[in-house]
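What follows is the content of structure32.csv (CSV, C-alpha atoms).
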```
chain,number,residue,atom,x,y,z
A,40,MET,CA,-18.0,-3.7,-6.1
A,41,ALA,CA,-14.9,-2.3,-7.7
A,42,ILE,CA,-14.7,-0.8,-11.2
A,43,THR,CA,-11.3,-0.6,-12.9
A,44,HIS,CA,-10.1,1.6,-15.7
A,45,ARG,CA,-6.8,1.5,-17.5
A,46,VAL,CA,-5.4,4.8,-18.6
A,47,PRO,CA,-1.9,5.9,-19.8
A,48,ASN,CA,0.6,5.1,-17.0
A,49,ALA,CA,-2.0,4.2,-14.4
A,50,ILE,CA,-4.7,1.8,-13.2
A,51,LEU,CA,-7.8,3.4,-11.6
A,52,THR,CA,-10.0,1.4,-9.3
A,53,GLU,CA,-13.3,3.0,-8.1
A,54,ARG,CA,-15.3,1.9,-5.1
A,55,GLU,CA,-18.3,3.0,-3.1
A,56,HIS,CA,-18.3,2.3,0.7
A,57,ARG,CA,-21.4,2.3,2.9
A,58,VAL,CA,-20.7,4.1,6.3
A,59,PRO,CA,-22.8,5.2,9.2
A,60,LEU,CA,-23.9,8.9,9.1
A,61,ASP,CA,-23.2,8.9,12.8
A,62,HIS,CA,-20.4,6.6,13.9
A,63,GLU,CA,-21.8,6.5,17.4
A,64,ARG,CA,-24.9,4.9,15.9
A,65,PRO,CA,-23.5,2.2,13.6
A,66,ASP,CA,-27.0,0.7,13.2
A,67,GLY,CA,-28.5,4.1,12.2
A,68,PRO,CA,-28.8,5.9,8.8
A,69,THR,CA,-26.0,5.4,6.4
A,70,ILE,CA,-24.3,7.3,3.6
A,71,THR,CA,-21.8,6.4,0.9
A,72,VAL,CA,-18.2,7.4,0.6
A,73,PHE,CA,-16.4,7.2,-2.8
A,74,THR,CA,-12.8,6.3,-3.2
A,75,ARG,CA,-10.6,6.1,-6.3
A,76,GLU,CA,-7.4,4.1,-6.2
A,77,VAL,CA,-4.6,5.2,-8.5
A,78,ALA,CA,-1.7,2.8,-9.1
A,79,ASP,CA,1.3,2.6,-11.4
A,80,PRO,CA,0.8,-0.5,-13.7
A,81,GLU,CA,4.0,-1.8,-12.2
A,82,GLY,CA,3.1,-0.9,-8.7
A,83,THR,CA,-0.3,-2.4,-7.9
A,84,ASP,CA,1.0,-4.0,-4.8
A,85,ARG,CA,2.7,-0.9,-3.3
A,86,PRO,CA,1.6,0.4,0.1
A,87,TYR,CA,-1.4,2.8,0.2
A,88,LEU,CA,-1.1,6.6,0.5
A,89,VAL,CA,-4.5,8.1,1.4
A,90,PHE,CA,-4.9,11.8,0.3
A,91,PHE,CA,-7.0,14.1,2.4
A,92,GLN,CA,-8.1,17.1,0.4
A,93,GLY,CA,-8.3,20.8,1.6
A,94,GLY,CA,-11.6,22.3,2.4
A,95,PRO,CA,-13.8,21.5,4.2
A,96,GLY,CA,-16.4,20.5,1.6
A,97,PHE,CA,-14.3,19.6,-1.4
A,98,GLU,CA,-13.9,16.3,-3.1
A,99,ALA,CA,-10.5,14.7,-3.7
A,100,THR,CA,-8.1,15.6,-6.6
A,101,ARG,CA,-9.2,14.1,-9.9
A,102,PRO,CA,-6.2,12.3,-11.5
A,103,THR,CA,-5.0,13.2,-14.9
A,104,SER,CA,-4.0,10.7,-17.6
A,105,PRO,CA,-1.1,10.2,-17.2
A,106,PRO,CA,-0.9,11.2,-13.5
A,107,SER,CA,0.8,14.5,-12.8
A,108,MET,CA,1.6,17.0,-10.0
A,109,TRP,CA,2.2,15.4,-6.6
A,110,MET,CA,0.6,12.2,-7.6
A,111,LYS,CA,3.4,11.6,-10.1
A,112,ARG,CA,5.9,11.6,-7.2
A,113,ALA,CA,3.6,9.6,-4.9
A,114,LEU,CA,3.2,6.7,-7.4
A,115,GLN,CA,6.9,6.0,-7.3
A,116,ASP,CA,6.4,4.7,-3.7
A,117,TYR,CA,2.7,4.1,-3.2
A,118,ARG,CA,-0.7,3.3,-4.5
A,119,VAL,CA,-2.7,6.5,-4.0
A,120,LEU,CA,-6.2,6.3,-2.5
A,121,LEU,CA,-8.3,9.5,-3.3
A,122,LEU,CA,-11.2,9.8,-0.8
A,123,ASP,CA,-14.1,12.0,-1.6
A,124,GLN,CA,-14.8,13.3,2.0
A,125,ARG,CA,-18.4,12.7,3.1
A,126,GLY,CA,-20.7,15.2,1.5
A,127,THR,CA,-18.5,15.9,-1.5
A,128,GLY,CA,-17.9,14.6,-5.1
A,129,ARG,CA,-19.3,11.1,-5.7
A,130,SER,CA,-19.9,10.5,-2.0
A,131,THR,CA,-23.4,11.1,-0.8
A,132,PRO,CA,-23.6,14.8,-1.5
A,133,VAL,CA,-24.6,17.7,0.6
A,134,GLY,CA,-25.7,20.6,-1.6
A,135,SER,CA,-27.9,23.6,-1.0
A,136,HIS,CA,-30.6,21.4,0.5
A,137,ILE,CA,-29.7,19.3,3.6
A,138,PRO,CA,-31.7,16.3,4.7
A,139,GLY,CA,-34.1,17.1,7.6
A,140,GLU,CA,-37.5,18.7,7.8
A,141,THR,CA,-36.4,21.4,10.3
A,142,ALA,CA,-33.4,23.6,10.6
A,143,ALA,CA,-32.5,21.9,13.8
A,144,ALA,CA,-32.5,18.5,12.1
A,145,GLN,CA,-30.4,19.8,9.2
A,146,ALA,CA,-27.9,21.3,11.6
A,147,GLU,CA,-27.7,18.0,13.5
A,148,TYR,CA,-27.1,16.2,10.2
A,149,LEU,CA,-24.2,18.5,9.4
A,150,THR,CA,-22.5,17.9,12.8
A,151,HIS,CA,-21.4,14.6,11.3
A,152,PHE,CA,-19.3,16.1,8.5
A,153,ARG,CA,-16.2,17.3,10.4
A,154,ALA,CA,-12.7,15.7,10.4
A,155,ASP,CA,-13.4,13.2,13.1
A,156,SER,CA,-16.2,11.6,11.0
A,157,ILE,CA,-13.9,11.6,7.9
A,158,VAL,CA,-11.3,9.7,9.9
A,159,ARG,CA,-13.7,7.1,11.1
A,160,ASP,CA,-14.9,6.7,7.4
A,161,ALA,CA,-11.3,6.1,6.4
A,162,GLU,CA,-10.8,3.5,9.1
A,163,LEU,CA,-13.9,1.6,7.9
A,164,VAL,CA,-12.5,1.7,4.3
A,165,ARG,CA,-9.0,0.6,5.6
A,166,ARG,CA,-10.5,-2.5,7.3
A,167,GLU,CA,-12.8,-3.2,4.3
A,168,LEU,CA,-9.7,-3.3,2.0
A,169,GLY,CA,-7.8,-5.5,4.4
A,170,VAL,CA,-5.0,-3.0,5.0
A,171,GLU,CA,-3.0,-3.3,8.2
A,172,ARG,CA,-1.7,0.3,8.2
A,173,TRP,CA,-1.4,2.9,5.5
A,174,SER,CA,0.2,6.3,5.0
A,175,ILE,CA,-1.7,9.6,4.7
A,176,LEU,CA,-1.1,12.9,3.0
A,177,GLY,CA,-3.1,15.9,4.2
A,178,GLN,CA,-3.2,19.3,2.5
A,179,SER,CA,-4.6,22.3,4.5
A,180,PHE,CA,-7.9,21.0,6.0
A,181,GLY,CA,-6.6,17.6,5.0
A,182,GLY,CA,-3.8,18.2,7.5
A,183,PHE,CA,-6.3,19.0,10.2
A,184,THR,CA,-7.9,15.7,9.3
A,185,SER,CA,-4.5,14.0,9.5
A,186,MET,CA,-4.1,15.4,13.0
A,187,SER,CA,-7.5,14.0,14.0
A,188,TYR,CA,-6.4,10.6,12.5
A,189,LEU,CA,-3.2,10.7,14.7
A,190,SER,CA,-5.5,11.4,17.7
A,191,ILE,CA,-8.3,8.9,17.0
A,192,ALA,CA,-6.8,5.9,15.2
A,193,PRO,CA,-3.0,6.1,15.1
A,194,GLU,CA,-2.9,2.3,15.0
A,195,GLY,CA,-4.1,2.5,11.4
A,196,LEU,CA,-1.2,4.7,10.3
A,197,ARG,CA,2.2,3.8,8.9
A,198,GLU,CA,3.3,7.5,8.5
A,199,ALA,CA,1.8,10.9,7.9
A,200,PHE,CA,2.7,13.8,5.7
A,201,ILE,CA,1.1,17.2,6.3
A,202,THR,CA,1.4,20.3,4.2
A,203,GLY,CA,0.1,23.7,5.3
A,204,GLY,CA,-2.2,22.0,7.7
A,205,LEU,CA,-0.9,22.0,11.3
A,206,ALA,CA,-4.0,23.2,13.2
A,207,PRO,CA,-3.9,24.9,16.6
A,208,ILE,CA,-4.5,22.5,19.4
A,209,GLY,CA,-7.0,23.6,22.1
A,210,ARG,CA,-6.8,27.3,21.2
A,211,PRO,CA,-10.1,29.3,21.3
A,212,VAL,CA,-11.3,29.9,17.7
A,213,ASP,CA,-11.1,33.7,18.3
A,214,GLU,CA,-7.4,33.5,18.8
A,215,VAL,CA,-7.1,31.7,15.4
A,216,TYR,CA,-9.1,34.4,13.5
A,217,ARG,CA,-7.4,37.3,15.3
A,218,ALA,CA,-4.1,36.0,14.1
A,219,THR,CA,-5.2,35.4,10.5
A,220,TYR,CA,-6.5,39.0,10.3
A,221,VAL,CA,-3.1,40.3,11.3
A,222,ARG,CA,-1.6,38.2,8.5
A,223,LEU,CA,-4.4,39.4,6.1
A,224,LEU,CA,-3.7,43.1,6.7
A,225,GLN,CA,0.0,42.4,5.9
A,226,LYS,CA,-1.0,40.6,2.6
A,227,ASN,CA,-3.3,43.4,1.6
A,228,ARG,CA,-0.5,46.0,2.1
A,229,ALA,CA,2.0,43.8,0.2
A,230,TYR,CA,-0.5,43.5,-2.7
A,231,PHE,CA,-1.0,47.3,-3.0
A,232,GLU,CA,2.7,47.8,-2.8
A,233,ARG,CA,3.0,45.6,-5.9
A,234,TYR,CA,0.1,47.2,-7.7
A,235,PRO,CA,-0.3,50.7,-6.2
A,236,ASP,CA,-2.8,51.8,-8.9
A,237,ASP,CA,-5.2,49.0,-7.8
A,238,ARG,CA,-5.9,50.8,-4.5
A,239,ALA,CA,-7.9,53.5,-6.2
A,240,ARG,CA,-9.4,51.0,-8.6
A,241,ALA,CA,-10.5,48.7,-5.7
A,242,ARG,CA,-12.1,51.7,-3.9
A,243,GLU,CA,-14.0,52.7,-7.1
A,244,ILE,CA,-15.3,49.1,-7.5
A,245,PHE,CA,-16.5,48.9,-3.9
A,246,GLU,CA,-18.3,52.3,-4.2
A,247,ARG,CA,-20.0,51.3,-7.5
A,248,LEU,CA,-21.1,47.9,-6.2
A,249,ASP,CA,-22.6,49.6,-3.1
A,250,ALA,CA,-24.4,52.1,-5.3
A,251,ASP,CA,-25.5,49.9,-8.3
A,252,ASP,CA,-27.5,46.6,-8.5
A,253,VAL,CA,-24.8,44.6,-10.5
A,254,ARG,CA,-25.9,41.1,-11.3
A,255,LEU,CA,-23.6,38.1,-11.8
A,256,PRO,CA,-24.2,35.4,-14.4
A,257,SER,CA,-26.0,33.3,-11.7
A,258,GLY,CA,-28.4,36.2,-11.0
A,259,ASP,CA,-26.9,36.9,-7.6
A,260,ARG,CA,-26.2,40.5,-6.9
A,261,LEU,CA,-22.4,41.3,-6.8
A,262,THR,CA,-22.1,43.3,-3.5
A,263,ALA,CA,-19.0,45.1,-2.4
A,264,ARG,CA,-18.7,42.7,0.6
A,265,ARG,CA,-18.8,39.7,-1.7
A,266,PHE,CA,-16.2,41.2,-4.1
A,267,ARG,CA,-13.9,41.7,-1.1
A,268,GLN,CA,-13.8,38.0,-0.7
A,269,LEU,CA,-11.6,37.7,-3.8
A,270,GLY,CA,-8.8,38.4,-1.2
A,271,LEU,CA,-9.0,34.6,-0.8
A,272,TRP,CA,-6.4,34.6,-3.5
A,273,LEU,CA,-3.9,36.5,-1.4
A,274,GLY,CA,-2.7,33.3,0.2
A,275,ASP,CA,-1.8,31.7,-3.1
A,276,SER,CA,1.6,31.9,-4.9
A,277,ALA,CA,-0.1,33.3,-8.0
A,278,GLY,CA,-2.8,35.1,-6.1
A,279,PHE,CA,-1.7,38.7,-6.4
A,280,GLU,CA,-1.8,38.4,-10.1
A,281,LEU,CA,-5.1,36.6,-10.1
A,282,LEU,CA,-6.7,39.4,-8.1
A,283,HIS,CA,-5.0,42.1,-10.3
A,284,HIS,CA,-6.3,40.5,-13.5
A,285,VAL,CA,-9.9,40.8,-12.2
A,286,LEU,CA,-9.4,44.4,-11.1
A,287,GLU,CA,-8.0,45.5,-14.4
A,288,LEU,CA,-11.0,44.3,-16.4
A,289,PRO,CA,-13.7,46.9,-17.4
A,290,PHE,CA,-16.2,47.2,-14.6
A,291,GLY,CA,-19.4,45.3,-15.4
A,292,SER,CA,-18.0,43.5,-18.5
A,293,ASN,CA,-18.8,39.9,-19.1
A,294,ALA,CA,-15.3,38.9,-18.3
A,295,PHE,CA,-15.3,41.0,-15.0
A,296,LEU,CA,-18.6,39.4,-13.8
A,297,HIS,CA,-17.6,35.9,-14.8
A,298,ASP,CA,-14.2,36.1,-13.1
A,299,ALA,CA,-15.6,37.8,-10.0
A,300,GLU,CA,-18.1,35.0,-9.6
A,301,GLU,CA,-15.7,32.1,-10.3
A,302,GLY,CA,-13.0,33.5,-8.0
A,303,VAL,CA,-14.9,32.5,-4.8
A,304,ARG,CA,-16.0,29.0,-4.4
A,305,PHE,CA,-18.7,29.1,-1.8
A,306,SER,CA,-21.6,28.4,-4.2
A,307,ARG,CA,-20.3,25.1,-5.7
A,308,ASN,CA,-19.8,23.4,-2.3
A,309,PRO,CA,-22.0,25.1,0.3
A,310,ILE,CA,-20.7,23.1,3.3
A,311,TYR,CA,-17.4,24.8,2.7
A,312,ALA,CA,-19.0,27.9,4.1
A,313,THR,CA,-21.4,26.3,6.6
A,314,LEU,CA,-18.7,24.2,8.3
A,315,HIS,CA,-15.6,26.3,7.8
A,316,GLU,CA,-15.3,27.9,11.2
A,317,ALA,CA,-16.3,24.6,12.8
A,318,CYS,CA,-13.1,22.9,11.4
A,319,TYR,CA,-11.1,25.3,13.6
A,320,ALA,CA,-13.2,24.6,16.7
A,321,ASP,CA,-11.2,22.2,18.8
A,322,GLY,CA,-13.9,22.4,21.4
A,323,GLY,CA,-16.5,25.1,22.0
A,324,ALA,CA,-18.7,27.3,19.8
A,325,THR,CA,-17.5,29.7,17.1
A,326,ARG,CA,-20.3,32.3,17.3
A,327,TRP,CA,-19.4,33.8,13.9
A,328,SER,CA,-15.8,34.5,15.0
A,329,SER,CA,-14.7,36.0,11.7
A,330,ALA,CA,-17.5,38.5,11.7
A,331,ARG,CA,-17.0,39.5,15.3
A,332,LEU,CA,-13.3,40.1,14.9
A,333,LEU,CA,-13.3,41.8,11.5
A,334,PRO,CA,-10.8,44.7,11.7
A,335,PRO,CA,-12.3,48.1,10.9
A,336,GLU,CA,-9.4,48.8,8.5
A,337,ILE,CA,-10.8,46.3,6.0
A,338,GLU,CA,-13.7,48.6,5.0
A,339,ALA,CA,-12.1,51.9,6.0
A,340,GLU,CA,-9.0,51.4,3.8
A,341,GLY,CA,-10.7,49.5,1.0
A,342,LEU,CA,-9.0,46.1,1.7
A,343,PHE,CA,-9.9,42.5,0.9
A,344,THR,CA,-11.0,39.7,3.2
A,345,ALA,CA,-9.8,36.1,2.7
A,346,GLU,CA,-11.0,32.7,3.9
A,347,HIS,CA,-13.4,34.3,6.4
A,348,ILE,CA,-17.0,33.5,6.9
A,349,PHE,CA,-19.8,36.0,7.6
A,350,PRO,CA,-23.5,35.6,8.3
A,351,TRP,CA,-24.5,37.9,5.3
A,352,MET,CA,-23.1,35.3,2.9
A,353,TRP,CA,-26.3,33.2,3.3
A,354,GLU,CA,-28.0,36.2,1.6
A,355,ASP,CA,-25.5,37.2,-1.0
A,356,TYR,CA,-24.8,33.6,-2.3
A,357,GLY,CA,-28.0,32.1,-3.7
A,358,PRO,CA,-27.0,28.4,-3.2
A,359,LEU,CA,-26.2,29.1,0.5
A,360,ARG,CA,-29.7,30.5,1.4
A,361,PRO,CA,-31.4,27.1,2.1
A,362,GLN,CA,-28.7,26.5,4.8
A,363,ARG,CA,-29.1,29.9,6.6
A,364,GLU,CA,-31.0,28.7,9.6
A,365,ALA,CA,-28.9,25.6,10.0
A,366,ALA,CA,-25.7,27.8,9.8
A,367,GLU,CA,-27.1,30.0,12.6
A,368,ILE,CA,-27.7,27.0,14.8
A,369,LEU,CA,-24.2,25.6,14.1
A,370,ALA,CA,-22.5,28.9,15.0
A,371,ASP,CA,-23.8,28.3,18.5
A,372,HIS,CA,-23.1,24.6,18.6
A,373,ASP,CA,-20.7,23.4,21.3
A,374,TRP,CA,-18.3,21.3,19.2
A,375,PRO,CA,-16.4,18.4,20.8
A,376,ARG,CA,-12.6,18.3,20.7
A,377,LEU,CA,-10.9,17.3,17.4
A,378,TYR,CA,-7.5,16.5,18.8
A,379,ASP,CA,-6.2,14.5,21.8
A,380,PRO,CA,-3.2,16.3,23.3
A,381,ASP,CA,-2.1,13.3,25.3
A,382,VAL,CA,-2.2,10.9,22.4
A,383,LEU,CA,-0.3,13.4,20.2
A,384,ALA,CA,2.3,14.0,23.0
A,385,HIS,CA,3.0,10.2,23.0
A,386,ASN,CA,2.7,9.8,19.2
A,387,GLU,CA,4.7,6.9,17.7
A,388,VAL,CA,3.7,7.4,14.0
A,389,PRO,CA,6.4,9.0,11.9
A,390,VAL,CA,5.2,12.5,10.8
A,391,ALA,CA,6.6,15.2,8.6
A,392,ALA,CA,5.0,18.6,8.0
A,393,THR,CA,5.6,21.8,6.0
A,394,ILE,CA,5.1,25.1,7.9
A,395,TYR,CA,4.9,28.0,5.5
A,396,VAL,CA,6.3,31.1,7.1
A,397,ASN,CA,3.9,33.5,5.4
A,398,ASP,CA,0.8,31.3,5.4
A,399,LEU,CA,-2.4,33.4,5.3
A,400,TYR,CA,-4.7,30.6,6.4
A,401,VAL,CA,-2.7,28.6,9.0
A,402,GLU,CA,-0.8,30.9,11.3
A,403,ARG,CA,2.9,30.0,11.5
A,404,ALA,CA,3.3,30.6,15.3
A,405,PHE,CA,0.4,28.2,16.1
A,406,ALA,CA,1.7,25.6,13.6
A,407,GLU,CA,5.1,25.6,15.2
A,408,GLU,CA,3.4,25.2,18.6
A,409,THR,CA,1.5,22.2,17.2
A,410,ALA,CA,4.6,20.7,15.7
A,411,ALA,CA,6.3,20.8,19.1
A,412,ALA,CA,3.3,19.2,20.7
A,413,ILE,CA,3.3,16.1,18.4
A,414,ARG,CA,6.0,13.7,19.5
A,415,GLY,CA,8.5,12.9,16.7
A,416,LEU,CA,7.1,15.3,14.1
A,417,ARG,CA,9.7,16.6,11.8
A,418,PRO,CA,8.8,20.1,10.6
A,419,TRP,CA,10.1,21.8,7.4
A,420,ILE,CA,9.7,25.5,8.0
A,421,THR,CA,10.1,27.4,4.7
A,422,ASN,CA,9.4,30.8,3.2
A,423,GLU,CA,9.8,29.5,-0.4
A,424,TYR,CA,6.1,28.8,-0.8
A,425,GLU,CA,2.7,30.1,0.1
A,426,HIS,CA,-0.1,27.9,1.5
A,427,ASN,CA,-0.4,26.1,-1.9
A,428,GLY,CA,3.1,24.7,-1.9
A,429,LEU,CA,2.0,21.2,-2.7
A,430,ARG,CA,0.3,22.5,-5.8
A,431,ALA,CA,3.0,25.0,-6.7
A,432,ASP,CA,6.0,22.6,-6.5
A,433,PRO,CA,4.5,19.2,-5.9
A,434,GLU,CA,7.3,16.8,-6.6
A,435,ARG,CA,9.8,18.7,-4.4
A,436,VAL,CA,7.4,19.4,-1.5
A,437,LEU,CA,6.1,15.8,-1.3
A,438,GLY,CA,9.6,14.4,-2.0
A,439,ARG,CA,11.0,16.5,0.9
A,440,LEU,CA,8.3,15.2,3.3
A,441,ILE,CA,9.0,11.6,2.3
A,442,ASP,CA,12.7,12.2,2.8
A,443,LEU,CA,12.1,13.7,6.3
A,444,VAL,CA,10.0,10.7,7.4
A,445,ARG,CA,12.6,8.3,6.1
A,446,GLY,CA,15.5,10.1,7.7
A,447,ARG,CA,17.1,11.1,4.4
A,448,ALA,CA,16.8,14.9,5.1
```
Transcribe the structure of this file into structure tokens.
Amino acid sequence: MAITHRVPNAILTEREHRVPLDHERPDGPTITVFTREVADPEGTDRPYLVFFQGGPGFEATRPTSPPSMWMKRALQDYRVLLLDQRGTGRSTPVGSHIPGETAAAQAEYLTHFRADSIVRDAELVRRELGVERWSILGQSFGGFTSMSYLSIAPEGLREAFITGGLAPIGRPVDEVYRATYVRLLQKNRAYFERYPDDRARAREIFERLDADDVRLPSGDRLTARRFRQLGLWLGDSAGFELLHHVLELPFGSNAFLHDAEEGVRFSRNPIYATLHEACYADGGATRWSSARLLPPEIEAEGLFTAEHIFPWMWEDYGPLRPQREAAEILADHDWPRLYDPDVLAHNEVPVAATIYVNDLYVERAFAEETAAAIRGLRPWITNEYEHNGLRADPERVLGRLIDLVRGRA
């Protein structure tokens, strides 16, 4: 059943779709996937553009009224379909507690929440809506999902736009994290060049958090290792300032504690942490790659980490604790391939992708390697933006990708 709302400059249509938990067992347990269609009142018959959100583990963008950001540009050419990836938002949620009576059963449940399952969900929705082919836009992890789509079901695609999300194909996960740590050290040093007084301030904060039992509003202890994860911001165009504005606050003040807790999002959507390394595993097990490869300079020089996952997080973040045993099992899980190199090498779907030169999360060299491996992909390599280019300059970034696919750029 569809529910429709009329808001300024848009018509919103909400639907719930029943899909198999395991697409290899279509007669087995099912979950729901939520979609919200956004259309210009004058464009309800325009072709669909499906948006795949970053993550893993985050629901789709919520539209404003009237629509803004990249959606404002998209609605000139498309109806936008916002899909809450399985486990997120209004889809059947995965929170702190996972279905299953044992850790092994919970881990098995979570094996069905990677990009390949999300693609198969989208294909069921496409057929349910009677769409022959549609366009897709993938941001970050959504770009990884788009690559899986090009591998698994290219016949359902009219064109693909990818921003900050060209994943390595077939590379061992350790190579991925080794490269991101090189980039992270560069970002840390650039940050402290901009704010040199923050080096001593950061060291002081780390030392005090190691020595004192400082509690966050949630009741969790704020440890030094948890505070280091605010370096997640270093890959954002506004991130240096966001980090500085926490460091400058009085230690232990309400504002300091609130901002330190809100700055890292692992508690709101636990599968972001539990499945994060798995989204880079194009075959094989991850075995806590980030933790094994952590450069000694991070602690020795008082630096920050970024989008890296560590086993201790299932202790420091209260909402993650119920998933601890399942996360340990998944770290040793032998993941199947996400991408088909042969299909991608013979791709016939028009594709355009941004590659951000200084991207902290998706290594440029690997992204360029991937771009060359996907037949017909037109890359836009730019140092104008960080990883969040689609959010920082949405109309230009999406407009440029559309122009590249259409041969106008």
Sphere at (-6.6, 9.4, 9.8), radius 6 Å, counting only C-alpha atoms: residues as a list of chain:residue names: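 Within the cut-off we find A:Val158, A:Ser185, A:Tyr188.
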Between CA of Arg435 in chain A and CA of Ala410 in chain A - distance in Å to one decimal: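 Computed distance, CA of Ala410 in chain A to CA of Arg435 in chain A, equals 20.9 Å.
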Counting all atoms listed in the file, note down every residue that has an atom within 12 Å of the point (-2.6, 7.8, -21.0) (file coordinates), as a list in words. His44, Arg45, Val46, Pro47, Asn48, Ala49, Ile50, Leu51, Asp79, Pro80, Pro102, Thr103, Ser104, Pro105, Pro106 and Ser107 of chain A
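Counting from CA of Phe343 in chain A, the distance to CA of Gly94 in chain A is 20.3 Å.
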So that I can see what lies close to range 404-409 of chain A, please list as a ChimeraX atom specification the residues with an atom at most 6 Å from it, counting all atoms listed in the file and leaving out residues fewer than 2 positions away in the same chain. /A:205,207,402,411-412
Write out as an MDAnalysis selection string each polymer residue whose atoms come within 9 Å of Arg417 in chain A, counting all atoms listed in the file; drop sequence neighbours fewer than 4 positions from it. chainID A and resid 389:393 410 440 443:444
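Shortest atom-to-atom contact with Arg172 in chain A among A:Ala312, A:Ala41, A:Val388, A:Leu359: A:Val388, counting all atoms listed in the file.
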Separation of CA of Phe266 in chain A and CA of Arg254 in chain A, in Å?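 Distance reported for this atom pair: 12.1 Å.
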Which residue is closest to Met352 in chain A? Choose from A:Phe152, A:Trp109, A:Phe305, A:Tyr378 and count only C-alpha atoms. A:Phe305
Contacts of range 318-334 of chain A at 6 Å (only C-alpha atoms; same-chain gap of 4+ positions) as a list in words: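 Everything that qualifies: Gly209, Val212, Asp213, His347, Ile348, Phe349, Ala370, Asp371, His372, Asp373, Trp374, Pro375, Arg376 and Leu377 of chain A.
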Convert the current residue selection to file output with C-alpha atoms, as a CSV table (one decimal), keeping the file's coordinate frame.
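File produced: selection-v6.csv:
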```csv
chain,number,residue,atom,x,y,z
A,209,GLY,CA,-7.0,23.6,22.1
A,212,VAL,CA,-11.3,29.9,17.7
A,213,ASP,CA,-11.1,33.7,18.3
A,347,HIS,CA,-13.4,34.3,6.4
A,348,ILE,CA,-17.0,33.5,6.9
A,349,PHE,CA,-19.8,36.0,7.6
A,370,ALA,CA,-22.5,28.9,15.0
A,371,ASP,CA,-23.8,28.3,18.5
A,372,HIS,CA,-23.1,24.6,18.6
A,373,ASP,CA,-20.7,23.4,21.3
A,374,TRP,CA,-18.3,21.3,19.2
A,375,PRO,CA,-16.4,18.4,20.8
A,376,ARG,CA,-12.6,18.3,20.7
A,377,LEU,CA,-10.9,17.3,17.4
```
So which residues touch Asp432 in chain A within 12 Å, counting all atoms listed in the file, skipping near sequence neighbours fewer than 6 positions away, as a list in words?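 Skipping anything fewer than 6 positions along the chain leaves Ser107, Met108, Trp109, Met110, Lys111, Arg112, Thr202, Ser276, Glu423, Tyr424, Glu425, His426, Gly438 and Arg439 of chain A.
Of the listed residues (A:His283, A:Arg125, A:Arg118, A:Arg260), A:Arg125 comes nearest to His151 in chain A; the distances count only C-alpha atoms.
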Would you pick out the contacts of Arg165 in chain A at 12 Å or less, using only C-alpha atoms, so that residues sharing its chain but fewer than 6 positions from it are not included, and give the list as a VMD selection string? chain A and resid 56 74 86 to 89 120 122 158 to 159 171 to 175 192 194 to 196
Residue nearest Ala161 in chain A among A:Arg240, A:Arg57, A:Arg304, A:Arg403 (counting all atoms listed in the file):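 Once distances to Ala161 in chain A are computed over all atoms listed in the file, the minimum belongs to A:Arg57.
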Residue with smallest distance to Asp275 in chain A - pool A:Lys226, A:Arg414, A:His385, A:Arg307, counting only C-alpha atoms: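 The closest residue to Asp275 in chain A is A:Lys226.
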Would you mind putting back N, CA and C atoms on range 104-114 of chain A, then writing it out as a CSV table (one decimal), in the frame of the given file?
```csv
chain,number,residue,atom,x,y,z
A,104,SER,N,-4.5,11.9,-16.9
A,104,SER,CA,-4.0,10.7,-17.6
A,104,SER,C,-2.9,11.2,-18.6
A,105,PRO,N,-1.6,10.9,-18.3
A,105,PRO,CA,-1.1,10.2,-17.2
A,105,PRO,C,-1.1,11.0,-15.9
A,106,PRO,N,-0.9,10.4,-14.7
A,106,PRO,CA,-0.9,11.2,-13.5
A,106,PRO,C,0.2,12.2,-13.5
A,107,SER,N,-0.1,13.4,-12.9
A,107,SER,CA,0.8,14.5,-12.8
A,107,SER,C,0.8,15.1,-11.4
A,108,MET,N,1.5,16.2,-11.3
A,108,MET,CA,1.6,17.0,-10.0
A,108,MET,C,2.1,16.1,-8.9
A,109,TRP,N,1.6,16.2,-7.7
A,109,TRP,CA,2.2,15.4,-6.6
A,109,TRP,C,1.9,13.9,-6.7
A,110,MET,N,0.9,13.6,-7.5
A,110,MET,CA,0.6,12.2,-7.6
A,110,MET,C,1.7,11.4,-8.4
A,111,LYS,N,2.3,12.2,-9.4
A,111,LYS,CA,3.4,11.6,-10.1
A,111,LYS,C,4.5,11.1,-9.2
A,112,ARG,N,4.8,12.0,-8.2
A,112,ARG,CA,5.9,11.6,-7.2
A,112,ARG,C,5.4,10.5,-6.3
A,113,ALA,N,4.1,10.6,-5.9
A,113,ALA,CA,3.6,9.6,-4.9
A,113,ALA,C,3.6,8.2,-5.5
A,114,LEU,N,3.3,8.1,-6.8
A,114,LEU,CA,3.2,6.7,-7.4
A,114,LEU,C,4.5,6.0,-7.5
```
